[in-house]
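Structure file model.pdb; described as PDB, C-alpha atoms.
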MODEL        1
ATOM      1  CA  MET A   1     -33.573   8.468  -1.487
ATOM      2  CA  PHE A   2     -31.220   6.136  -3.316
ATOM      3  CA  HIS A   3     -32.073   7.647  -6.718
ATOM      4  CA  ASN A   4     -30.526  10.994  -5.726
ATOM      5  CA  SER A   5     -27.795   9.601  -3.464
ATOM      6  CA  SER A   6     -24.015   9.841  -3.601
ATOM      7  CA  GLN A   7     -24.052   6.034  -3.554
ATOM      8  CA  ARG A   8     -25.845   5.885  -6.894
ATOM      9  CA  LYS A   9     -23.777   8.697  -8.397
ATOM     10  CA  TYR A  10     -20.286   7.745  -7.234
ATOM     11  CA  TRP A  11     -20.284   4.171  -5.907
ATOM     12  CA  MET A  12     -22.216   2.162  -8.504
ATOM     13  CA  PHE A  13     -20.287   0.552 -11.340
ATOM     14  CA  ASP A  14     -21.159  -0.932 -14.710
ATOM     15  CA  SER A  15     -19.454  -4.296 -14.392
ATOM     16  CA  GLU A  16     -17.374  -6.614 -12.248
ATOM     17  CA  GLU A  17     -14.509  -5.986 -14.665
ATOM     18  CA  ASN A  18     -14.510  -2.258 -13.909
ATOM     19  CA  VAL A  19     -14.412  -2.922 -10.173
ATOM     20  CA  GLU A  20     -11.572  -5.410 -10.518
ATOM     21  CA  GLN A  21      -9.627  -2.971 -12.678
ATOM     22  CA  MET A  22      -9.742  -0.407  -9.864
ATOM     23  CA  ARG A  23      -8.337  -2.962  -7.423
ATOM     24  CA  CYS A  24      -5.573  -3.942  -9.839
ATOM     25  CA  GLU A  25      -4.640  -0.279 -10.223
ATOM     26  CA  ALA A  26      -4.504   0.155  -6.432
ATOM     27  CA  ASN A  27      -2.231  -2.880  -6.183
ATOM     28  CA  GLN A  28       0.105  -1.568  -8.901
ATOM     29  CA  LYS A  29       0.103   1.941  -7.447
ATOM     30  CA  PHE A  30       1.394   0.634  -4.122
ATOM     31  CA  ARG A  31       4.034  -1.520  -5.828
ATOM     32  CA  ASN A  32       5.323   1.468  -7.787
ATOM     33  CA  LYS A  33       5.363   3.686  -4.723
ATOM     34  CA  VAL A  34       7.414   1.255  -2.640
ATOM     35  CA  LEU A  35       9.821   0.339  -5.439
ATOM     36  CA  GLU A  36      10.410   4.017  -6.220
ATOM     37  CA  SER A  37      11.350   4.632  -2.586
ATOM     38  CA  GLY A  38      14.672   2.947  -3.328
ATOM     39  CA  LYS A  39      14.768   0.884  -0.169
ATOM     40  CA  PRO A  40      17.348  -1.899  -0.277
ATOM     41  CA  GLY A  41      16.165  -5.483  -0.608
ATOM     42  CA  LEU A  42      12.896  -4.690  -2.405
ATOM     43  CA  THR A  43      11.781  -7.123  -5.110
ATOM     44  CA  GLU A  44       8.595  -7.748  -7.069
ATOM     45  CA  ALA A  45       8.339 -11.182  -5.423
ATOM     46  CA  MET A  46       7.660  -9.664  -1.982
ATOM     47  CA  PHE A  47       4.350  -8.107  -3.063
ATOM     48  CA  LEU A  48       0.949  -9.739  -2.911
ATOM     49  CA  GLU A  49      -0.590 -10.643  -6.251
ATOM     50  CA  ARG A  50      -4.166  -9.503  -6.832
ATOM     51  CA  HIS A  51      -5.659 -12.953  -6.170
ATOM     52  CA  GLU A  52      -3.641 -13.143  -2.934
ATOM     53  CA  GLU A  53      -4.935  -9.746  -1.866
ATOM     54  CA  ASP A  54      -8.462 -10.918  -2.602
ATOM     55  CA  ILE A  55      -8.071 -13.972  -0.368
ATOM     56  CA  LEU A  56      -6.918 -11.805   2.538
ATOM     57  CA  PHE A  57      -9.632  -9.240   1.842
ATOM     58  CA  ARG A  58     -12.332 -11.929   2.083
ATOM     59  CA  HIS A  59     -10.762 -13.243   5.283
ATOM     60  CA  TYR A  60     -10.781  -9.858   6.998
ATOM     61  CA  GLU A  61     -14.218  -8.990   5.658
ATOM     62  CA  LYS A  62     -15.523 -12.137   7.355
ATOM     63  CA  ARG A  63     -13.731 -11.069  10.551
ATOM     64  CA  LEU A  64     -15.520  -7.737  10.312
ATOM     65  CA  LEU A  65     -18.878  -9.478   9.910
ATOM     66  CA  ASP A  66     -18.145 -11.762  12.877
ATOM     67  CA  PHE A  67     -17.119  -8.798  15.032
ATOM     68  CA  CYS A  68     -20.350  -6.958  14.169
ATOM     69  CA  ASN A  69     -22.550 -10.024  14.689
ATOM     70  CA  THR A  70     -21.162 -10.687  18.188
ATOM     71  CA  PHE A  71     -21.122  -7.020  19.194
ATOM     72  CA  LYS A  72     -22.792  -6.055  22.458
ATOM     73  CA  PRO A  73     -25.236  -4.336  22.473
ATOM     74  CA  VAL A  74     -26.664  -5.943  19.333
ATOM     75  CA  MET A  75     -25.622  -3.984  16.266
ATOM     76  CA  PRO A  76     -28.473  -3.092  13.860
ATOM     77  CA  LYS A  77     -28.270  -4.623  10.392
ATOM     78  CA  SER A  78     -28.018  -1.172   8.815
ATOM     79  CA  VAL A  79     -24.846  -0.500  10.836
ATOM     80  CA  VAL A  80     -23.357  -3.865   9.874
ATOM     81  CA  GLY A  81     -24.206  -3.267   6.222
ATOM     82  CA  ALA A  82     -22.637   0.200   6.261
ATOM     83  CA  ALA A  83     -19.447  -1.116   7.890
ATOM     84  CA  LEU A  84     -19.080  -3.817   5.239
ATOM     85  CA  MET A  85     -19.680  -1.291   2.469
ATOM     86  CA  TYR A  86     -17.125   1.160   3.906
ATOM     87  CA  PHE A  87     -14.592  -1.674   4.013
ATOM     88  CA  ARG A  88     -15.297  -2.663   0.414
ATOM     89  CA  ARG A  89     -15.213   0.924  -0.875
ATOM     90  CA  PHE A  90     -11.973   1.728   0.955
ATOM     91  CA  TYR A  91     -10.110  -1.115  -0.729
ATOM     92  CA  LEU A  92     -11.354  -0.182  -4.189
ATOM     93  CA  ASN A  93      -8.692   2.525  -4.312
ATOM     94  CA  ASN A  94      -6.248   1.293  -1.668
ATOM     95  CA  SER A  95      -4.180  -1.844  -1.307
ATOM     96  CA  ILE A  96      -4.230  -3.950   1.844
ATOM     97  CA  MET A  97      -0.441  -3.880   1.512
ATOM     98  CA  GLU A  98      -0.532  -0.181   2.352
ATOM     99  CA  TYR A  99      -3.265  -0.090   5.001
ATOM    100  CA  HIS A 100      -3.609  -3.162   7.170
ATOM    101  CA  PRO A 101      -7.203  -4.463   7.086
ATOM    102  CA  ARG A 102      -7.038  -5.428  10.763
ATOM    103  CA  ILE A 103      -7.313  -1.796  11.863
ATOM    104  CA  ILE A 104      -9.328  -0.582   8.866
ATOM    105  CA  LEU A 105     -12.116  -3.079   9.591
ATOM    106  CA  LEU A 106     -12.508  -1.811  13.144
ATOM    107  CA  THR A 107     -12.425   1.788  11.960
ATOM    108  CA  CYS A 108     -15.189   0.968   9.458
ATOM    109  CA  ALA A 109     -17.339  -0.539  12.212
ATOM    110  CA  TYR A 110     -16.632   2.397  14.541
ATOM    111  CA  LEU A 111     -17.518   4.980  11.872
ATOM    112  CA  SER A 112     -20.711   3.172  10.835
ATOM    113  CA  CYS A 113     -21.915   3.230  14.460
ATOM    114  CA  LYS A 114     -21.504   7.007  14.513
ATOM    115  CA  VAL A 115     -23.025   7.684  11.095
ATOM    116  CA  ASP A 116     -26.054   5.471  11.739
ATOM    117  CA  GLU A 117     -26.460   6.961  15.232
ATOM    118  CA  PHE A 118     -26.013   3.636  16.984
ATOM    119  CA  ASN A 119     -25.229   5.084  20.379
ATOM    120  CA  VAL A 120     -22.220   3.294  21.855
ATOM    121  CA  SER A 121     -19.314   4.984  23.566
ATOM    122  CA  SER A 122     -15.745   4.497  22.377
ATOM    123  CA  SER A 123     -14.983   2.487  25.506
ATOM    124  CA  GLN A 124     -18.014   0.261  24.865
ATOM    125  CA  PHE A 125     -16.845  -0.248  21.308
ATOM    126  CA  VAL A 126     -13.317  -1.443  22.106
ATOM    127  CA  GLY A 127     -14.729  -3.353  25.075
ATOM    128  CA  ASN A 128     -15.943  -5.832  22.463
ATOM    129  CA  LEU A 129     -12.314  -6.822  21.842
ATOM    130  CA  LEU A 130     -12.689  -9.477  24.493
ATOM    131  CA  GLN A 131      -9.178 -10.897  24.200
ATOM    132  CA  GLU A 132      -7.582  -7.511  24.884
ATOM    133  CA  THR A 133      -6.665  -6.051  28.260
ATOM    134  CA  PRO A 134      -8.119  -2.608  29.135
ATOM    135  CA  ALA A 135      -4.748  -1.058  28.296
ATOM    136  CA  GLY A 136      -4.697  -2.926  24.995
ATOM    137  CA  GLN A 137      -8.230  -1.768  24.203
ATOM    138  CA  GLU A 138      -7.149   1.824  24.804
ATOM    139  CA  ARG A 139      -4.230   1.418  22.410
ATOM    140  CA  VAL A 140      -6.536   0.001  19.738
ATOM    141  CA  LEU A 141      -8.902   2.950  20.225
ATOM    142  CA  GLU A 142      -6.004   5.327  19.614
ATOM    143  CA  GLN A 143      -5.292   3.586  16.327
ATOM    144  CA  ILE A 144      -8.971   3.709  15.306
ATOM    145  CA  LEU A 145      -9.125   7.439  15.971
ATOM    146  CA  GLU A 146      -5.929   8.008  14.000
ATOM    147  CA  TYR A 147      -7.328   6.157  10.987
ATOM    148  CA  GLU A 148     -10.842   7.612  11.138
ATOM    149  CA  LEU A 149     -10.059  10.764   9.147
ATOM    150  CA  LEU A 150      -8.199   8.777   6.508
ATOM    151  CA  LEU A 151     -11.189   6.452   6.113
ATOM    152  CA  ILE A 152     -13.611   9.363   5.764
ATOM    153  CA  GLN A 153     -11.374  10.999   3.169
ATOM    154  CA  GLN A 154     -10.979   7.802   1.152
ATOM    155  CA  LEU A 155     -14.773   7.427   1.155
ATOM    156  CA  ASN A 156     -14.889  10.947  -0.321
ATOM    157  CA  PHE A 157     -17.063  11.964   2.652
ATOM    158  CA  HIS A 158     -19.920   9.871   1.213
ATOM    159  CA  LEU A 159     -20.963   8.233   4.463
ATOM    160  CA  VAL A 160     -24.673   7.495   3.961
ATOM    161  CA  VAL A 161     -25.115   3.903   2.801
ATOM    162  CA  HIS A 162     -28.396   2.636   1.353
ATOM    163  CA  ASN A 163     -28.709  -1.008   2.386
ATOM    164  CA  PRO A 164     -31.204  -3.559   1.029
ATOM    165  CA  TYR A 165     -32.692  -4.190   4.483
ATOM    166  CA  ARG A 166     -35.238  -1.370   4.346
ATOM    167  CA  PRO A 167     -36.434  -2.301   0.828
ATOM    168  CA  MET A 168     -36.715  -5.895   2.049
ATOM    169  CA  GLU A 169     -39.083  -4.834   4.831
ATOM    170  CA  GLY A 170     -41.092  -2.790   2.347
ATOM    171  CA  LEU A 171     -41.384  -5.742  -0.013
ATOM    172  CA  LEU A 172     -42.508  -8.067   2.789
ATOM    173  CA  ILE A 173     -45.217  -5.571   3.738
ATOM    174  CA  ASP A 174     -46.261  -5.347   0.082
ATOM    175  CA  LEU A 175     -46.452  -9.128  -0.165
ATOM    176  CA  LYS A 176     -48.682  -9.268   2.918
ATOM    177  CA  THR A 177     -51.073  -6.614   1.635
ATOM    178  CA  ARG A 178     -51.142  -7.073  -2.140
ATOM    179  CA  TYR A 179     -50.089 -10.632  -2.900
ATOM    180  CA  PRO A 180     -52.539 -13.096  -1.333
ATOM    181  CA  ALA A 181     -51.063 -15.946  -3.384
ATOM    182  CA  LEU A 182     -48.286 -16.102  -0.777
ATOM    183  CA  GLU A 183     -49.882 -17.184   2.492
ATOM    184  CA  ASN A 184     -47.031 -16.428   4.875
ATOM    185  CA  PRO A 185     -44.408 -13.955   3.584
ATOM    186  CA  GLU A 186     -42.663 -14.022   6.979
ATOM    187  CA  SER A 187     -41.642 -17.606   6.266
ATOM    188  CA  LEU A 188     -39.193 -16.194   3.729
ATOM    189  CA  ARG A 189     -37.448 -13.851   6.168
ATOM    190  CA  LYS A 190     -34.686 -16.170   7.413
ATOM    191  CA  THR A 191     -33.441 -17.301   4.003
ATOM    192  CA  THR A 192     -33.860 -13.767   2.644
ATOM    193  CA  ASP A 193     -31.648 -12.458   5.472
ATOM    194  CA  ASP A 194     -29.079 -15.149   4.692
ATOM    195  CA  PHE A 195     -29.070 -14.117   1.029
ATOM    196  CA  LEU A 196     -28.501 -10.468   1.971
ATOM    197  CA  THR A 197     -25.623 -11.432   4.271
ATOM    198  CA  TRP A 198     -23.874 -13.292   1.479
ATOM    199  CA  ALA A 199     -24.630 -10.467  -0.948
ATOM    200  CA  ALA A 200     -22.969  -7.990   1.424
ATOM    201  CA  MET A 201     -19.739  -9.984   1.150
ATOM    202  CA  THR A 202     -19.677  -9.637  -2.635
ATOM    203  CA  ASP A 203     -19.615  -6.684  -5.025
ATOM    204  CA  ALA A 204     -23.416  -6.805  -5.350
ATOM    205  CA  GLY A 205     -23.747  -3.490  -3.494
ATOM    206  CA  LEU A 206     -21.405  -1.856  -6.015
ATOM    207  CA  LEU A 207     -23.279  -3.210  -9.035
ATOM    208  CA  PHE A 208     -27.001  -3.364  -8.190
ATOM    209  CA  PRO A 209     -29.479  -0.988  -6.455
ATOM    210  CA  PRO A 210     -30.504  -1.973  -2.905
ATOM    211  CA  SER A 211     -34.136  -2.512  -3.925
ATOM    212  CA  GLN A 212     -33.058  -4.934  -6.649
ATOM    213  CA  ILE A 213     -30.874  -6.857  -4.205
ATOM    214  CA  ALA A 214     -33.804  -7.091  -1.777
ATOM    215  CA  LEU A 215     -36.201  -8.262  -4.491
ATOM    216  CA  THR A 216     -33.736 -10.879  -5.712
ATOM    217  CA  ALA A 217     -33.248 -12.087  -2.136
ATOM    218  CA  ILE A 218     -36.993 -12.580  -1.630
ATOM    219  CA  LEU A 219     -37.550 -14.285  -4.981
ATOM    220  CA  SER A 220     -34.538 -16.523  -4.418
ATOM    221  CA  SER A 221     -35.852 -17.417  -0.966
ATOM    222  CA  ALA A 222     -39.257 -18.241  -2.445
ATOM    223  CA  SER A 223     -37.654 -20.381  -5.134
ATOM    224  CA  ARG A 224     -35.758 -22.362  -2.501
ATOM    225  CA  ALA A 225     -39.078 -22.976  -0.768
ATOM    226  CA  GLY A 226     -40.569 -24.282  -4.021
ATOM    227  CA  LEU A 227     -42.693 -21.174  -4.620
ATOM    228  CA  ASN A 228     -43.088 -19.454  -7.990
ATOM    229  CA  MET A 229     -43.538 -15.700  -7.570
ATOM    230  CA  GLU A 230     -43.322 -14.653 -11.217
ATOM    231  CA  SER A 231     -46.868 -13.327 -10.982
ATOM    232  CA  TYR A 232     -45.706 -10.875  -8.310
ATOM    233  CA  LEU A 233     -43.404  -9.279 -10.886
ATOM    234  CA  THR A 234     -45.904  -9.309 -13.733
ATOM    235  CA  GLU A 235     -49.087  -8.429 -11.835
ATOM    236  CA  SER A 236     -48.277  -6.758  -8.499
ATOM    237  CA  LEU A 237     -45.275  -4.800  -9.807
ATOM    238  CA  GLY A 238     -46.959  -4.112 -13.121
ATOM    239  CA  LEU A 239     -44.285  -5.510 -15.414
ATOM    240  CA  LYS A 240     -46.569  -7.738 -17.476
ATOM    241  CA  ASP A 241     -46.655  -5.334 -20.424
ATOM    242  CA  ASP A 242     -43.120  -3.998 -19.965
ATOM    243  CA  LYS A 243     -41.183  -6.871 -21.471
ATOM    244  CA  GLU A 244     -37.946  -4.902 -21.767
ATOM    245  CA  THR A 245     -37.820  -3.915 -18.076
ATOM    246  CA  LEU A 246     -38.831  -7.435 -17.029
ATOM    247  CA  SER A 247     -36.087  -8.942 -19.182
ATOM    248  CA  LYS A 248     -33.462  -6.566 -17.769
ATOM    249  CA  LEU A 249     -34.612  -7.370 -14.237
ATOM    250  CA  HIS A 250     -34.320 -11.112 -14.845
ATOM    251  CA  ASP A 251     -30.852 -10.600 -16.327
ATOM    252  CA  SER A 252     -29.708  -8.550 -13.326
ATOM    253  CA  MET A 253     -31.078 -11.118 -10.887
ATOM    254  CA  LYS A 254     -29.305 -13.900 -12.781
ATOM    255  CA  ARG A 255     -25.992 -11.999 -12.664
ATOM    256  CA  MET A 256     -26.420 -11.259  -8.985
ATOM    257  CA  LYS A 257     -27.160 -14.852  -8.036
ATOM    258  CA  SER A 258     -24.160 -15.997 -10.067
ATOM    259  CA  LEU A 259     -21.961 -13.463  -8.267
ATOM    260  CA  ILE A 260     -23.112 -14.668  -4.859
ATOM    261  CA  LYS A 261     -22.878 -18.339  -5.819
ATOM    262  CA  ARG A 262     -19.225 -17.858  -6.792
ATOM    263  CA  HIS A 263     -18.324 -16.338  -3.437
ATOM    264  CA  GLU A 264     -16.287 -18.648  -1.228
ATOM    265  CA  LEU A 265     -14.636 -18.175   2.129
ATOM    266  CA  PRO A 266     -10.845 -18.496   1.795
ATOM    267  CA  LYS A 267      -9.018 -21.621   2.908
ATOM    268  CA  PRO A 268      -7.219 -21.188   6.273
ATOM    269  CA  GLU A 269      -3.931 -22.540   4.922
ATOM    270  CA  GLU A 270      -3.927 -19.948   2.131
ATOM    271  CA  VAL A 271      -4.812 -17.177   4.551
ATOM    272  CA  ASN A 272      -1.924 -18.088   6.857
ATOM    273  CA  ILE A 273       0.613 -18.065   4.015
ATOM    274  CA  TYR A 274      -0.490 -14.702   2.644
ATOM    275  CA  LYS A 275      -0.834 -13.145   6.094
ATOM    276  CA  GLN A 276       2.861 -13.824   6.700
ATOM    277  CA  LYS A 277       3.624 -12.154   3.390
ATOM    278  CA  LEU A 278       1.412  -9.200   4.305
ATOM    279  CA  GLU A 279       3.127  -8.710   7.668
ATOM    280  CA  ARG A 280       6.557  -8.665   5.984
ATOM    281  CA  ILE A 281       5.360  -6.036   3.525
ATOM    282  CA  HIS A 282       4.045  -3.847   6.338
ATOM    283  CA  GLU A 283       7.316  -4.138   8.224
ATOM    284  CA  ILE A 284       9.259  -2.970   5.175
ATOM    285  CA  ALA A 285       6.831  -0.222   4.219
ATOM    286  CA  ALA A 286       6.167   1.016   7.763
ATOM    287  CA  SER A 287       8.583   3.940   7.768
ATOM    288  CA  SER A 288       7.165   5.448   4.577
ATOM    289  CA  ASN A 289       3.565   4.832   5.666
ATOM    290  CA  ASN A 290       3.425   7.008   8.788
ATOM    291  CA  LYS A 291       2.481  10.143   6.916
ATOM    292  CA  ARG A 292      -0.254   8.777   4.680
ATOM    293  CA  LYS A 293      -2.069   6.641   7.206
ATOM    294  CA  ARG A 294      -3.331   9.610   9.180
ATOM    295  CA  GLY A 295      -4.913  11.257   6.170
ATOM    296  CA  TYR A 296      -2.213  13.847   5.469
ATOM    297  CA  GLU A 297      -1.873  12.676   1.926
ATOM    298  CA  ASP A 298      -1.324  15.700  -0.268
ATOM    299  CA  ASP A 299      -2.023  18.716   1.895
ATOM    300  CA  GLY A 300       1.494  19.353   3.199
ATOM    301  CA  HIS A 301       0.722  18.764   6.864
ATOM    302  CA  VAL A 302       3.274  17.008   9.015
ATOM    303  CA  ALA A 303       1.857  14.051  10.902
ATOM    304  CA  LYS A 304       2.616  13.731  14.572
ATOM    305  CA  GLU A 305       4.597  10.778  15.808
ATOM    306  CA  ALA A 306       2.612   7.618  16.369
ATOM    307  CA  ARG A 307       1.487   7.163  19.954
ATOM    308  CA  LEU A 308       2.006   3.438  19.720
ATOM    309  CA  ALA A 309       3.691   0.911  17.533
ATOM    310  CA  GLU A 310       1.550  -0.353  14.664
ATOM    311  CA  GLU A 311      -0.171  -3.713  15.033
ATOM    312  CA  GLU A 312       0.776  -4.523  18.617
ATOM    313  CA  TRP A 313      -2.407  -6.573  18.633
ATOM    314  CA  THR A 314      -3.362  -9.499  16.435
ATOM    315  CA  ASP A 315      -6.317 -11.062  14.625
ATOM    316  CA  GLU A 316      -7.094 -13.103  17.710
ATOM    317  CA  ASP A 317      -8.005  -9.904  19.546
ATOM    318  CA  LEU A 318     -11.017  -9.547  17.222
ATOM    319  CA  ILE A 319     -12.617 -12.705  18.637
TER     320      ILE A 319
ENDMDL
END
Let's see the structure in the file written out as structure tokens.
Amino acid sequence: MFHNSSQRKYWMFDSEENVEQMRCEANQKFRNKVLESGKPGLTEAMFLERHEEDILFRHYEKRLLDFCNTFKPVMPKSVVGAALMYFRRFYLNNSIMEYHPRIILLTCAYLSCKVDEFNVSSSQFVGNLLQETPAGQERVLEQILEYELLLIQQLNFHLVVHNPYRPMEGLLIDLKTRYPALENPESLRKTTDDFLTWAAMTDAGLLFPPSQIALTAILSSASRAGLNMESYLTESLGLKDDKETLSKLHDSMKRMKSLIKRHELPKPEEVNIYKQKLERIHEIAASSNNKRKRGYEDDGHVAKEARLAEEEWTDEDLI
């Protein structure tokens, strides 16, 4: 149950400002680490600013969604939702300048398949990298397996993700059985699904409970169809006499819709500029990154040598 979950206890935050502060701290932490290494030629200008990181994050998050949506066999929504949440949680405390999102996104998808018991083999998984040769797919798999432990550690071993998809199904059933004012609740499914997809690419899952996201999605879908479902809140959900709870719910829904409305996909020209900057940073930081990337962060273990050069494949291989 979400109420007793690690998600509610450790991965829900009070405000967008708190979430952004964590990302700013991760950015600064990486800057300090690299500058303190004393490598020649390092300057503040080489690093990505927070807004530049955010543009690249949104780009790679969309690549993750596209990879999941075209996956064969069809990936369940719960697996897609978990992968997106892993990706978002990972980069709360880590900078994309330290861990390249191209491999992290695949590791998130791979781990979510395992946790949600979506039964695909490792060869099936990398077989979805259609632009890669079999040898290239095997090299990517090696990278995924090397990053898997790091990802699990950075998620603090909290791997169960409560998505809004199950509450959405419960609400649709409730509408069919207890809210005759709405003749065909299934007519709302498509736009509700679209709302949840956009919500998954924002911080909504870090700020609002899954049931509240699902309810907002359905009410927003109804509103777009010209339907007023206020009586569902007041009568069916029993909030008519609980003005305080009803007011808080309306406020949360307003904040959530504003958050989703502000979300935009990054412009390709911006992405290309910042990707070049990102690749230069990874080239410079590569030698000091070998230890941390495999999860041997503070425990004194010595990481084995990499079995392949980092990033021998490109974004195009995700298509």
Ile273 (chain A): which residues within 12 Å, counting only C-alpha atoms, same-chain residues fewer than 6 positions away excluded, as a PyMOL selection string? chain A and resi 48+52-53+55-56+266-267+279-280
Skip Leu64 (chain A) itself and residues of its chain fewer than 5 positions away, then list as a PyMOL selection string all residues within 8 Å of it, counting all atoms listed in the file. chain A and resi 84+105-106+109
Is there a way to get, as an mmCIF file with C-alpha atoms, in the frame of the given file, all residues within 12 Å of the point (-25.9, -8.8, -9.4) in file coordinates, counting only C-alpha atoms?
data_model
loop_
_atom_site.group_PDB
_atom_site.id
_atom_site.type_symbol
_atom_site.label_atom_id
_atom_site.label_comp_id
_atom_site.auth_asym_id
_atom_site.auth_seq_id
_atom_site.Cartn_x
_atom_site.Cartn_y
_atom_site.Cartn_z
ATOM 1 C CA MET A 12 -22.216 2.162 -8.504
ATOM 2 C CA PHE A 13 -20.287 0.552 -11.340
ATOM 3 C CA ASP A 14 -21.159 -0.932 -14.710
ATOM 4 C CA SER A 15 -19.454 -4.296 -14.392
ATOM 5 C CA GLU A 16 -17.374 -6.614 -12.248
ATOM 6 C CA LEU A 196 -28.501 -10.468 1.971
ATOM 7 C CA TRP A 198 -23.874 -13.292 1.479
ATOM 8 C CA ALA A 199 -24.630 -10.467 -0.948
ATOM 9 C CA ALA A 200 -22.969 -7.990 1.424
ATOM 10 C CA THR A 202 -19.677 -9.637 -2.635
ATOM 11 C CA ASP A 203 -19.615 -6.684 -5.025
ATOM 12 C CA ALA A 204 -23.416 -6.805 -5.350
ATOM 13 C CA GLY A 205 -23.747 -3.490 -3.494
ATOM 14 C CA LEU A 206 -21.405 -1.856 -6.015
ATOM 15 C CA LEU A 207 -23.279 -3.210 -9.035
ATOM 16 C CA PHE A 208 -27.001 -3.364 -8.190
ATOM 17 C CA PRO A 209 -29.479 -0.988 -6.455
ATOM 18 C CA PRO A 210 -30.504 -1.973 -2.905
ATOM 19 C CA SER A 211 -34.136 -2.512 -3.925
ATOM 20 C CA GLN A 212 -33.058 -4.934 -6.649
ATOM 21 C CA ILE A 213 -30.874 -6.857 -4.205
ATOM 22 C CA ALA A 214 -33.804 -7.091 -1.777
ATOM 23 C CA LEU A 215 -36.201 -8.262 -4.491
ATOM 24 C CA THR A 216 -33.736 -10.879 -5.712
ATOM 25 C CA ALA A 217 -33.248 -12.087 -2.136
ATOM 26 C CA LYS A 248 -33.462 -6.566 -17.769
ATOM 27 C CA LEU A 249 -34.612 -7.370 -14.237
ATOM 28 C CA HIS A 250 -34.320 -11.112 -14.845
ATOM 29 C CA ASP A 251 -30.852 -10.600 -16.327
ATOM 30 C CA SER A 252 -29.708 -8.550 -13.326
ATOM 31 C CA MET A 253 -31.078 -11.118 -10.887
ATOM 32 C CA LYS A 254 -29.305 -13.900 -12.781
ATOM 33 C CA ARG A 255 -25.992 -11.999 -12.664
ATOM 34 C CA MET A 256 -26.420 -11.259 -8.985
ATOM 35 C CA LYS A 257 -27.160 -14.852 -8.036
ATOM 36 C CA SER A 258 -24.160 -15.997 -10.067
ATOM 37 C CA LEU A 259 -21.961 -13.463 -8.267
ATOM 38 C CA ILE A 260 -23.112 -14.668 -4.859
ATOM 39 C CA LYS A 261 -22.878 -18.339 -5.819
ATOM 40 C CA ARG A 262 -19.225 -17.858 -6.792
#
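Interatomic distance, CA of Phe118 (chain A) against CA of Leu155 (chain A): 19.8 Å.
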Here CA of His3 (chain A) and CA of Thr177 (chain A) stand apart by 25.2 Å
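Each of A:Leu246, A:Val160, A:Lys72, A:Lys29 was compared to Leu111 (chain A) using all atoms listed in the file, and A:Val160 turns out to be the nearest.
Minimum atom-to-atom distance to Tyr10 (chain A), evaluated using only C-alpha atoms, belongs to A:Asn156 out of A:Asn156, A:Asn163, A:Asn184, A:Asn272.
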Which centre and edge lengths in Å to one decimal define the box along x, y and z that fits every listed atom of region 148-163 of chain A plus 3 Å per side, as lines of an AutoDock Vina configuration file?
center_x = -18.5
center_y = 5.5
center_z = 5.4
size_x = 26.5
size_y = 19.0
size_z = 17.5
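You will find CA of Leu149 (chain A) at 25.7 Å from CA of Val74 (chain A).
Using only C-alpha atoms for every distance, the candidate list A:Asp194, A:Leu237, A:Ser223, A:His162 yields A:His162 as the residue closest to Phe2 (chain A).
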